[in-house]
file protein.txt (compact mmCIF, C-alpha atoms)
# COMPACT_ATOMS: atom_id res chain seq x y z
CA MET A 1 0.57 133.74 40.70
CA THR A 2 0.86 133.84 44.47
CA THR A 3 -2.07 133.13 46.74
CA THR A 4 -2.85 135.58 49.53
CA ALA A 5 -3.24 132.74 52.05
CA THR A 6 -0.60 132.79 54.77
CA THR A 7 -1.06 129.32 56.27
CA ALA A 8 -1.35 125.82 54.88
CA ARG A 9 -4.85 125.52 56.35
CA GLU A 10 -5.97 128.70 54.59
CA ARG A 11 -4.69 127.36 51.28
CA MET A 12 -6.58 124.13 51.72
CA LEU A 13 -9.75 126.06 52.52
CA LEU A 14 -9.27 128.09 49.33
CA ALA A 15 -9.01 124.81 47.41
CA LYS A 16 -12.21 123.58 49.05
CA ASP A 17 -14.03 126.76 48.01
CA ALA A 18 -12.67 126.48 44.47
CA ALA A 19 -13.73 122.84 44.24
CA ARG A 20 -17.37 123.87 44.02
CA SER A 21 -16.88 125.79 40.78
CA ILE A 22 -14.40 123.25 39.35
CA GLY A 23 -16.92 120.46 39.92
CA LEU A 24 -19.48 122.31 37.82
CA LEU A 25 -17.23 122.88 34.79
CA GLY A 26 -18.34 121.16 31.62
CA ASP A 27 -16.31 118.72 29.58
CA GLY A 28 -15.18 121.36 27.08
CA GLU A 29 -14.28 123.88 29.77
CA LYS A 30 -12.06 121.39 31.57
CA ARG A 31 -10.48 120.28 28.31
CA ASP A 32 -9.70 123.86 27.29
CA ALA A 33 -8.27 124.60 30.73
CA LEU A 34 -5.86 121.68 30.45
CA LEU A 35 -4.79 122.68 26.97
CA ALA A 36 -4.05 126.16 28.32
CA ILE A 37 -2.01 124.59 31.13
CA ALA A 38 -0.01 122.54 28.62
CA ASP A 39 0.76 125.70 26.62
CA ALA A 40 1.74 127.56 29.79
CA ILE A 41 4.13 124.80 30.87
CA GLU A 42 5.83 124.86 27.48
CA ALA A 43 6.09 128.65 27.55
CA ALA A 44 7.59 128.53 31.04
CA ALA A 45 10.09 125.77 30.15
CA PRO A 46 13.23 127.94 30.50
CA ARG A 47 12.14 129.14 33.93
CA ILE A 48 11.18 125.62 35.00
CA VAL A 49 14.50 124.13 33.86
CA THR A 50 16.43 126.87 35.65
CA ALA A 51 14.51 126.25 38.87
CA ASN A 52 15.11 122.53 38.48
CA ALA A 53 18.85 123.06 38.05
CA GLU A 54 18.87 124.92 41.37
CA ASP A 55 17.04 122.04 43.06
CA LEU A 56 19.44 119.51 41.55
CA GLU A 57 22.47 121.49 42.69
CA ARG A 58 21.10 121.69 46.20
CA GLY A 59 20.17 117.99 46.15
CA GLY A 60 23.64 116.97 45.05
CA SER A 61 25.21 118.96 47.85
CA THR A 62 22.87 117.51 50.48
CA GLY A 63 23.30 113.87 49.49
CA LEU A 64 20.08 113.29 47.54
CA SER A 65 20.23 109.75 46.16
CA THR A 66 20.97 109.08 42.50
CA ALA A 67 17.51 107.55 42.06
CA LEU A 68 15.78 110.64 43.47
CA GLN A 69 17.99 112.96 41.42
CA ASP A 70 16.89 111.08 38.30
CA ARG A 71 13.23 111.52 39.23
CA LEU A 72 13.81 115.16 40.08
CA ARG A 73 15.64 116.08 36.86
CA LEU A 74 13.76 118.11 34.26
CA ASP A 75 15.29 119.21 30.96
CA GLU A 76 13.56 120.73 27.93
CA PRO A 77 12.45 117.32 26.52
CA ARG A 78 11.05 116.24 29.89
CA VAL A 79 9.16 119.52 30.25
CA ALA A 80 7.77 118.99 26.76
CA ALA A 81 6.73 115.49 27.84
CA LEU A 82 4.87 116.96 30.83
CA ALA A 83 2.93 119.26 28.52
CA ALA A 84 2.21 116.35 26.16
CA ALA A 85 0.87 114.30 29.07
CA VAL A 86 -1.50 117.13 30.00
CA ARG A 87 -2.79 117.23 26.42
CA GLU A 88 -3.35 113.47 26.54
CA ILE A 89 -5.39 113.88 29.71
CA ALA A 90 -7.40 116.67 28.08
CA ALA A 91 -8.30 114.30 25.25
CA LEU A 92 -9.62 111.60 27.58
CA PRO A 93 -13.38 111.21 28.11
CA ASP A 94 -14.82 113.19 31.00
CA PRO A 95 -15.25 110.75 33.92
CA VAL A 96 -17.80 112.95 35.69
CA GLY A 97 -21.46 112.14 35.11
CA ARG A 98 -20.85 108.58 33.92
CA VAL A 99 -23.87 106.39 34.66
CA LEU A 100 -22.65 103.55 36.86
CA ASP A 101 -25.99 101.93 37.60
CA GLU A 102 -29.67 102.64 37.05
CA ARG A 103 -32.93 101.01 38.03
CA THR A 104 -36.58 101.77 38.69
CA LEU A 105 -38.25 100.76 41.93
CA ALA A 106 -41.60 99.04 42.00
CA ASN A 107 -43.23 102.30 43.09
CA GLY A 108 -41.91 104.11 40.02
CA VAL A 109 -39.02 106.00 41.63
CA SER A 110 -36.06 105.95 39.24
CA LEU A 111 -32.52 105.61 40.60
CA THR A 112 -29.37 106.55 38.77
CA LYS A 113 -25.86 106.15 40.17
CA VAL A 114 -23.44 108.66 38.63
CA ALA A 115 -19.74 109.45 38.97
CA VAL A 116 -18.95 112.72 40.76
CA PRO A 117 -15.72 114.47 41.78
CA PHE A 118 -14.21 113.85 45.22
CA GLY A 119 -13.88 117.59 45.79
CA VAL A 120 -10.32 118.20 47.00
CA VAL A 121 -7.52 115.75 46.23
CA GLY A 122 -4.32 116.00 48.23
CA SER A 123 -0.98 114.46 47.37
CA ILE A 124 2.26 114.10 49.31
CA TYR A 125 5.29 113.04 47.29
CA GLU A 126 9.03 113.63 47.03
CA ALA A 127 11.41 114.78 44.31
CA ARG A 128 8.92 114.09 41.52
CA PRO A 129 7.97 117.27 39.65
CA ASN A 130 6.11 115.18 37.06
CA VAL A 131 3.64 114.27 39.82
CA THR A 132 2.97 117.98 40.36
CA VAL A 133 1.67 118.25 36.80
CA ASP A 134 0.13 114.77 36.49
CA ILE A 135 -1.99 114.97 39.64
CA ALA A 136 -3.02 118.57 39.04
CA ALA A 137 -4.13 117.76 35.49
CA LEU A 138 -5.91 114.54 36.46
CA SER A 139 -7.63 116.27 39.37
CA LEU A 140 -8.89 119.14 37.22
CA ARG A 141 -10.03 116.82 34.42
CA SER A 142 -12.06 114.87 36.97
CA GLY A 143 -13.57 118.05 38.43
CA ASN A 144 -11.44 118.25 41.58
CA ALA A 145 -9.30 120.91 43.21
CA VAL A 146 -5.84 119.78 44.33
CA VAL A 147 -3.44 120.46 47.21
CA LEU A 148 0.18 119.46 46.61
CA ARG A 149 3.06 118.80 48.96
CA GLY A 150 6.00 117.95 46.72
CA GLY A 151 8.86 118.01 49.18
CA THR A 152 11.86 120.24 49.80
CA ALA A 153 14.05 118.59 47.16
CA ALA A 154 11.85 119.86 44.31
CA GLU A 155 10.49 123.00 45.95
CA ARG A 156 11.68 125.51 43.34
CA THR A 157 10.73 123.30 40.40
CA ASN A 158 7.28 122.69 41.83
CA ALA A 159 6.78 126.39 42.52
CA ALA A 160 7.55 127.22 38.88
CA LEU A 161 5.17 124.52 37.63
CA VAL A 162 2.36 125.57 39.98
CA GLU A 163 2.79 129.22 39.01
CA ALA A 164 2.45 128.33 35.33
CA MET A 165 -0.64 126.18 35.90
CA ARG A 166 -2.39 128.70 38.15
CA GLY A 167 -1.69 131.45 35.65
CA ALA A 168 -3.25 129.38 32.87
CA LEU A 169 -6.42 128.87 34.92
CA ALA A 170 -6.69 132.56 35.74
CA ASP A 171 -6.28 133.47 32.08
CA ARG A 172 -9.24 131.17 31.27
CA GLY A 173 -11.41 132.77 33.97
CA ILE A 174 -11.19 129.68 36.17
CA ASP A 175 -10.44 130.01 39.87
CA PRO A 176 -6.66 129.47 40.21
CA GLU A 177 -7.12 128.57 43.87
CA ALA A 178 -8.09 125.12 42.59
CA ILE A 179 -4.34 124.37 42.48
CA GLN A 180 -2.54 124.82 45.79
CA THR A 181 0.88 123.91 47.13
CA VAL A 182 1.91 123.76 50.77
CA ASP A 183 5.59 123.17 50.01
CA GLU A 184 6.77 126.38 51.62
CA PHE A 185 5.37 125.23 54.97
CA GLY A 186 7.67 122.21 55.02
CA ARG A 187 6.84 119.28 57.26
CA ASP A 188 4.24 121.36 59.07
CA GLY A 189 2.43 121.74 55.76
CA ALA A 190 2.51 117.99 55.18
CA ARG A 191 1.20 117.42 58.71
CA GLU A 192 -1.63 119.91 58.17
CA LEU A 193 -2.52 118.15 54.93
CA MET A 194 -2.63 114.75 56.61
CA HIS A 195 -4.94 116.11 59.31
CA ALA A 196 -7.25 118.15 57.06
CA ARG A 197 -10.20 115.78 57.36
CA GLY A 198 -13.35 117.56 56.22
CA VAL A 199 -11.36 119.91 53.99
CA VAL A 200 -9.35 117.46 51.89
CA ASP A 201 -11.43 114.52 50.70
CA VAL A 202 -8.72 112.02 49.75
CA LEU A 203 -4.93 111.90 50.05
CA VAL A 204 -2.58 110.07 47.69
CA PRO A 205 1.03 109.58 48.83
CA ARG A 206 3.75 108.78 46.31
CA GLY A 207 7.35 108.05 47.17
CA SER A 208 9.43 105.84 49.40
CA ALA A 209 7.99 103.05 51.53
CA GLN A 210 8.78 105.18 54.59
CA LEU A 211 6.88 108.20 53.25
CA ILE A 212 3.87 106.10 52.32
CA GLU A 213 3.83 104.33 55.68
CA THR A 214 3.99 107.67 57.47
CA VAL A 215 1.06 109.07 55.52
CA VAL A 216 -1.03 105.91 55.93
CA THR A 217 -0.47 105.71 59.69
CA GLU A 218 -0.68 109.42 60.56
CA SER A 219 -3.47 110.69 58.30
CA SER A 220 -6.99 111.38 59.43
CA VAL A 221 -7.83 112.09 55.78
CA PRO A 222 -8.79 108.95 53.82
CA VAL A 223 -5.71 107.65 51.99
CA ILE A 224 -5.32 105.73 48.73
CA GLU A 225 -2.11 103.82 49.33
CA THR A 226 0.42 103.66 46.53
CA GLY A 227 3.04 101.15 47.51
CA ALA A 228 6.71 100.50 47.04
CA GLY A 229 7.66 98.09 44.30
CA VAL A 230 9.64 95.00 45.25
CA VAL A 231 8.83 93.63 41.80
CA HIS A 232 9.51 90.04 40.72
CA ILE A 233 10.03 88.25 37.41
CA VAL A 234 9.92 84.46 37.37
CA LEU A 235 11.83 82.65 34.62
CA ASP A 236 9.97 79.37 34.32
CA GLU A 237 11.52 76.12 33.13
CA SER A 238 10.11 76.64 29.64
CA ALA A 239 11.10 80.32 29.33
CA PRO A 240 12.70 81.09 25.93
CA LEU A 241 16.16 82.58 26.41
CA ASP A 242 15.52 85.59 24.18
CA TRP A 243 12.29 86.44 26.01
CA ALA A 244 13.89 85.97 29.42
CA ARG A 245 16.92 88.08 28.59
CA ASP A 246 15.09 90.91 26.85
CA ILE A 247 12.27 91.18 29.41
CA VAL A 248 14.55 91.14 32.45
CA VAL A 249 17.02 93.63 30.97
CA ASN A 250 14.22 95.99 29.92
CA ALA A 251 12.46 95.70 33.28
CA LYS A 252 15.68 96.57 35.13
CA THR A 253 17.52 99.04 32.91
CA GLN A 254 14.92 100.94 30.90
CA ARG A 255 14.44 103.19 33.95
CA PRO A 256 15.75 101.65 37.16
CA SER A 257 14.62 104.40 39.53
CA VAL A 258 10.89 103.77 39.20
CA CYS A 259 8.55 101.52 41.18
CA ASN A 260 7.75 99.12 38.30
CA ALA A 261 11.39 98.22 37.65
CA VAL A 262 12.18 94.59 38.50
CA GLU A 263 14.10 94.08 41.73
CA THR A 264 14.20 90.25 42.05
CA VAL A 265 14.52 87.58 39.36
CA LEU A 266 13.57 84.00 40.30
CA VAL A 267 14.89 81.27 37.99
CA HIS A 268 13.43 77.76 37.84
CA ARG A 269 16.15 75.25 38.73
CA GLY A 270 15.36 73.25 35.59
CA ALA A 271 16.29 76.29 33.46
CA ALA A 272 19.14 77.67 35.56
CA ASP A 273 21.99 76.17 33.53
CA ARG A 274 20.44 77.52 30.35
CA LEU A 275 19.31 80.97 31.51
CA VAL A 276 21.34 82.29 34.43
CA GLY A 277 24.65 82.86 32.62
CA PRO A 278 23.25 84.70 29.57
CA VAL A 279 20.74 86.77 31.58
CA VAL A 280 23.35 87.82 34.14
CA ALA A 281 25.81 88.69 31.36
CA ALA A 282 23.19 90.82 29.59
CA LEU A 283 22.35 92.62 32.83
CA GLN A 284 26.01 93.27 33.57
CA GLN A 285 26.51 94.60 30.07
CA GLY A 286 23.80 97.12 30.93
CA GLY A 287 25.69 98.18 34.04
CA VAL A 288 23.64 96.15 36.53
CA THR A 289 25.11 94.65 39.69
CA VAL A 290 23.59 91.21 40.25
CA HIS A 291 23.14 90.09 43.85
CA GLY A 292 22.81 86.33 43.52
CA ASP A 293 22.43 83.25 45.70
CA GLU A 294 25.06 80.49 45.73
CA THR A 295 23.72 78.76 42.62
CA VAL A 296 23.64 81.99 40.63
CA ALA A 297 27.23 82.70 41.70
CA GLN A 298 28.28 79.25 40.46
CA LEU A 299 26.64 79.78 37.07
CA ALA A 300 27.78 83.34 36.35
CA ALA A 301 30.83 85.51 36.93
CA ASP A 302 31.17 88.66 39.03
CA VAL A 303 28.04 88.06 41.09
CA THR A 304 27.70 89.83 44.44
CA PRO A 305 26.56 87.43 47.19
CA ALA A 306 22.93 88.06 48.07
CA THR A 307 21.78 88.48 51.66
CA ASP A 308 18.31 88.01 53.14
CA GLU A 309 17.96 91.78 53.06
CA ASP A 310 18.35 91.81 49.27
CA TRP A 311 15.11 89.89 48.75
CA ALA A 312 13.15 92.64 50.50
CA THR A 313 14.98 95.57 48.91
CA GLU A 314 13.53 98.04 46.43
CA TYR A 315 16.85 99.12 44.94
CA LEU A 316 15.62 101.84 42.55
CA SER A 317 19.08 101.58 41.02
CA LEU A 318 21.10 99.39 38.67
CA ASP A 319 21.00 96.49 41.12
CA VAL A 320 18.94 93.32 41.00
CA SER A 321 18.74 90.22 43.17
CA MET A 322 18.57 86.76 41.58
CA ARG A 323 17.71 83.44 43.15
CA VAL A 324 17.31 79.90 41.77
CA VAL A 325 14.07 78.29 42.98
CA ASP A 326 13.18 74.62 42.92
CA ASP A 327 9.89 75.01 41.04
CA LEU A 328 6.88 77.29 40.56
CA ASP A 329 5.64 76.54 44.09
CA ASP A 330 8.96 77.76 45.48
CA ALA A 331 8.73 80.92 43.36
CA LEU A 332 5.18 81.61 44.53
CA ASP A 333 6.23 81.12 48.15
CA HIS A 334 9.07 83.62 47.70
CA ILE A 335 6.73 86.19 46.14
CA ARG A 336 4.16 85.75 48.92
CA ARG A 337 6.89 86.43 51.49
CA TYR A 338 8.64 89.40 49.91
CA SER A 339 6.23 91.02 47.44
CA THR A 340 4.85 94.49 48.08
CA HIS A 341 1.86 93.50 45.88
CA HIS A 342 2.78 95.91 43.11
CA THR A 343 3.70 93.98 39.92
CA GLU A 344 4.96 90.45 39.19
CA SER A 345 5.61 88.75 35.85
CA ILE A 346 6.36 85.22 34.65
CA VAL A 347 8.20 84.24 31.48
CA THR A 348 6.95 80.85 30.34
CA ARG A 349 5.72 78.75 27.43
CA ASP A 350 3.72 76.52 29.78
CA ALA A 351 0.05 77.53 29.55
CA ALA A 352 -0.83 75.78 32.82
CA ASN A 353 1.95 77.55 34.74
CA GLU A 354 0.98 80.86 33.18
CA ALA A 355 -2.65 80.43 34.21
CA ARG A 356 -1.67 79.38 37.70
CA PHE A 357 0.68 82.34 38.16
CA LEU A 358 -1.94 84.83 36.96
CA ALA A 359 -4.53 83.31 39.28
CA GLU A 360 -2.47 82.82 42.44
CA VAL A 361 -0.25 85.90 42.64
CA ASP A 362 -1.92 88.58 44.77
CA SER A 363 -0.56 91.82 43.31
CA ALA A 364 -2.14 94.86 41.71
CA VAL A 365 -0.78 93.84 38.29
CA VAL A 366 0.17 90.29 37.36
CA MET A 367 1.78 89.67 33.96
CA ALA A 368 2.93 86.90 31.69
CA ASN A 369 5.69 87.20 29.10
CA THR A 370 6.11 90.95 29.25
CA SER A 371 8.14 93.60 31.03
CA THR A 372 6.98 94.94 34.36
CA ARG A 373 7.70 98.45 33.03
CA PHE A 374 4.26 98.37 31.40
CA THR A 375 2.58 98.89 34.79
CA ASP A 376 1.91 102.53 34.13
CA GLY A 377 -1.16 104.69 33.67
CA GLY A 378 0.12 106.07 30.38
CA GLU A 379 0.90 102.61 29.02
CA PHE A 380 -2.52 101.37 30.14
CA GLY A 381 -4.17 104.19 28.22
CA PHE A 382 -5.21 106.30 31.23
CA GLY A 383 -3.05 109.27 30.27
CA ALA A 384 -0.85 110.29 33.18
CA GLU A 385 -1.45 108.39 36.40
CA VAL A 386 -2.26 109.40 39.93
CA GLY A 387 -0.16 106.51 41.16
CA ILE A 388 -0.18 102.74 41.35
CA SER A 389 -2.40 101.61 44.18
CA THR A 390 -1.37 98.47 46.05
CA GLN A 391 -4.40 98.44 48.32
CA LYS A 392 -7.69 96.67 47.64
CA LEU A 393 -10.33 99.25 48.54
CA HIS A 394 -11.62 101.78 45.99
CA ALA A 395 -8.69 101.51 43.58
CA ARG A 396 -5.98 98.99 42.70
CA GLY A 397 -3.21 99.19 40.13
CA PRO A 398 -2.53 102.23 37.92
CA MET A 399 -5.00 104.96 38.81
CA GLY A 400 -6.43 107.28 36.21
CA LEU A 401 -9.36 109.64 35.95
CA ALA A 402 -12.03 107.17 37.02
CA GLU A 403 -10.24 106.56 40.31
CA LEU A 404 -10.46 110.27 41.15
CA THR A 405 -14.23 110.16 41.24
CA SER A 406 -16.73 108.97 43.79
CA SER A 407 -20.42 108.40 43.15
CA LYS A 408 -23.85 109.50 44.22
CA TRP A 409 -27.37 108.21 43.67
CA LEU A 410 -29.97 110.41 41.98
CA ALA A 411 -33.58 109.55 42.82
CA ARG A 412 -36.45 110.94 40.72
CA GLY A 413 -40.04 110.47 41.71
CA ALA A 414 -43.52 111.83 41.18
CA GLY A 415 -44.89 112.31 44.69
CA GLN A 416 -44.16 108.81 46.05
CA VAL A 417 -44.00 108.34 49.83
CA ARG A 418 -42.85 105.27 51.72
CA PRO A 419 -45.71 103.36 53.32

call {"tool": "encode", "arguments": {"input": "protein.txt", "output": "structure tokens"}}
result
Amino acid sequence: MTTTATTARERMLLAKDAARSIGLLGDGEKRDALLAIADAIEAAAPRIVTANAEDLERGGSTGLSTALQDRLRLDEPRVAALAAAVREIAALPDPVGRVLDERTLANGVSLTKVAVPFGVVGSIYEARPNVTVDIAALSLRSGNAVVLRGGTAAERTNAALVEAMRGALADRGIDPEAIQTVDEFGRDGARELMHARGVVDVLVPRGSAQLIETVVTESSVPVIETGAGVVHIVLDESAPLDWARDIVVNAKTQRPSVCNAVETVLVHRGAADRLVGPVVAALQQGGVTVHGDETVAQLAADVTPATDEDWATEYLSLDVSMRVVDDLDDALDHIRRYSTHHTESIVTRDAANEARFLAEVDSAVVMANTSTRFTDGGEFGFGAEVGISTQKLHARGPMGLAELTSSKWLARGAGQVRP
């Protein structure tokens, strides 16, 4: 379904108008709307896959990176996974109306703090059609309208997805203007979205460090920052070889193009002789290029010399940097210098070192003895995620439905006046 609006600003105003009715929908109405959206996405799968193939062909011819092509790609199973994610969101408890605090004043006035929708959620992202569905579904489930700017690389895919979702809302008698895209307006649409203060209530960027930095610095709309992932795993002196090998290989190769994939492995010097060779060999068997310091290169074959730039690089590919550190203090210093405060993990049998790592590392998610790939809204039980926030205000870590609500106080009295 095509909106009659002819400018990005008009589309955002339509979303703002629709937000009023979306915010008043009941739990069952929102759930049924999402189930209808899931069915519509499945029904439109052939059209969506065809549109995606056109985007991929154009991306390949214009030099779109391998990592972004992987994120862009949709086949029938991935479309089915999008629909399944929408159904999971539909099954989650309604976050609107939750009682966050309540009290009664001495004069008898009762106060209740409740969760309410933001109103209009905006998102700017690139080559990620899953975000089109995830953020739309999460926004609707939390009573919000949504304005999407998904980038040129996925423009046809996103258009097919938005058409299916808007059609599902219209069929349920729900205002389809609650889902808007400004893709066709290009960078001007993104700029309008960043400057739509008073129309769009909150903006969530997802993508490269450069995209996020641009949105954070240029927006007049309040932004929830989702950061790049220079993610670390520390192999402590007591790390079991099987844990170290399996966790590092999973964190790098299970899906290398995502923000929770490990980018730097730090190995305690006391375990280097025991761990470096087998871990590097396992990574290389999985097709990973290891960029190592001098010690790593001495302990393993076919290691690419690491540069200072490697420690700050989010590869999003089958590359990983590896450094031998003197001790846990050295590892913590390295993380403080290079971390983007996304996710860090330690592999250790030492309870004291585990406790210290969990306490001292200042990242959105800090782990012990597990893969960094678990930093994910779905894995955390939130359904699909809005993003992984690396800031400290309002939301931090994987963001689900609760993070798409604000709050208001309800005061109920019986004629009281303030003396």

call {"tool": "residues_around", "arguments": {"input": "protein.txt", "residues": "region 278-288 of chain A", "least_positions_apart": "6", "cutoff": "9 Å", "atoms": "all atoms listed in the file", "output": "PyMOL selection string"}}
result
chain A and resi 241+244-246+248-249+252-253+296+300-303+317-320+322

call {"tool": "residues_around", "arguments": {"input": "protein.txt", "residues": "Asp188 (chain A)", "least_positions_apart": "3", "cutoff": "12 Å", "atoms": "all atoms listed in the file", "output": "MDAnalysis selection string"}}
result
chainID A and resid 7:9 149 151 182:185 191:195

call {"tool": "closest_atom_pairs", "arguments": {"input": "protein.txt", "of": "region 23-112 of chain A", "to": "region 200-213 of chain A", "cutoff": "12 Å", "atoms": "only C-alpha atoms", "output": "Markdown table"}}
result
| residue | atom | partner | partner_atom | distance |
| --- | --- | --- | --- | --- |
| A:Ser65 | CA | A:Ser208 | CA | 11.9 |
| A:Ala67 | CA | A:Ser208 | CA | 11.0 |
| A:Leu68 | CA | A:Gly207 | CA | 9.6 |
| A:Arg71 | CA | A:Gly207 | CA | 10.5 |
| A:Leu72 | CA | A:Gly207 | CA | 11.9 |

call {"tool": "closest_residue", "arguments": {"input": "protein.txt", "among": "A:Arg336, A:Ala306, A:Val231, A:Ala38", "to": "Glu88 (chain A)", "atoms": "all atoms listed in the file"}}
result
A:Ala38

call {"tool": "residues_around", "arguments": {"input": "protein.txt", "residues": "Thr375 (chain A)", "least_positions_apart": "5", "cutoff": "9 Å", "atoms": "only C-alpha atoms", "output": "list in words"}}
result
Asn260, His342, Thr343, Val365, Phe380, Ile388, Gly397 and Pro398 of chain A

call {"tool": "closest_residue", "arguments": {"input": "protein.txt", "among": "A:Leu275, A:Ile124, A:Leu332, A:Ile174", "to": "Ile224 (chain A)", "atoms": "only C-alpha atoms"}}
result
A:Ile124

call {"tool": "closest_residue", "arguments": {"input": "protein.txt", "among": "A:Asp94, A:Asp70, A:Asp101, A:Asp175", "to": "Arg128 (chain A)", "atoms": "only C-alpha atoms"}}
result
A:Asp70

call {"tool": "atom_distance", "arguments": {"input": "protein.txt", "atom1": "CA of Arg47 (chain A)", "atom2": "CA of Val120 (chain A)"}}
result
28.2 Å

call {"tool": "atom_distance", "arguments": {"input": "protein.txt", "atom1": "CA of Ala312 (chain A)", "atom2": "CA of Leu299 (chain A)"}}
result
23.0 Å

call {"tool": "residues_around", "arguments": {"input": "protein.txt", "residues": "Val146 (chain A)", "least_positions_apart": "6", "cutoff": "12 Å", "atoms": "only C-alpha atoms", "output": "ChimeraX atom specification"}}
result
/A:11-19,22-23,117-124,131-140,162,165-166,176-182,193,199-204,386,404

call {"tool": "atom_distance", "arguments": {"input": "protein.txt", "atom1": "CA of Asp171 (chain A)", "atom2": "CA of Ile37 (chain A)"}}
result
9.9 Å

call {"tool": "closest_residue", "arguments": {"input": "protein.txt", "among": "A:Glu163, A:Glu263, A:Glu379, A:Asp329", "to": "Arg356 (chain A)", "atoms": "only C-alpha atoms"}}
result
A:Asp329

call {"tool": "closest_residue", "arguments": {"input": "protein.txt", "among": "A:Thr62, A:Trp243, A:Pro93, A:Ala168", "to": "Leu35 (chain A)", "atoms": "all atoms listed in the file"}}
result
A:Ala168

call {"tool": "closest_residue", "arguments": {"input": "protein.txt", "among": "A:Asp293, A:Asp242, A:Glu237, A:Glu42", "to": "Val86 (chain A)", "atoms": "only C-alpha atoms"}}
result
A:Glu42

call {"tool": "residues_around", "arguments": {"input": "protein.txt", "residues": "Met367 (chain A)", "least_positions_apart": "5", "cutoff": "7 Å", "atoms": "all atoms listed in the file", "output": "ChimeraX atom specification"}}
result
/A:344-346,358
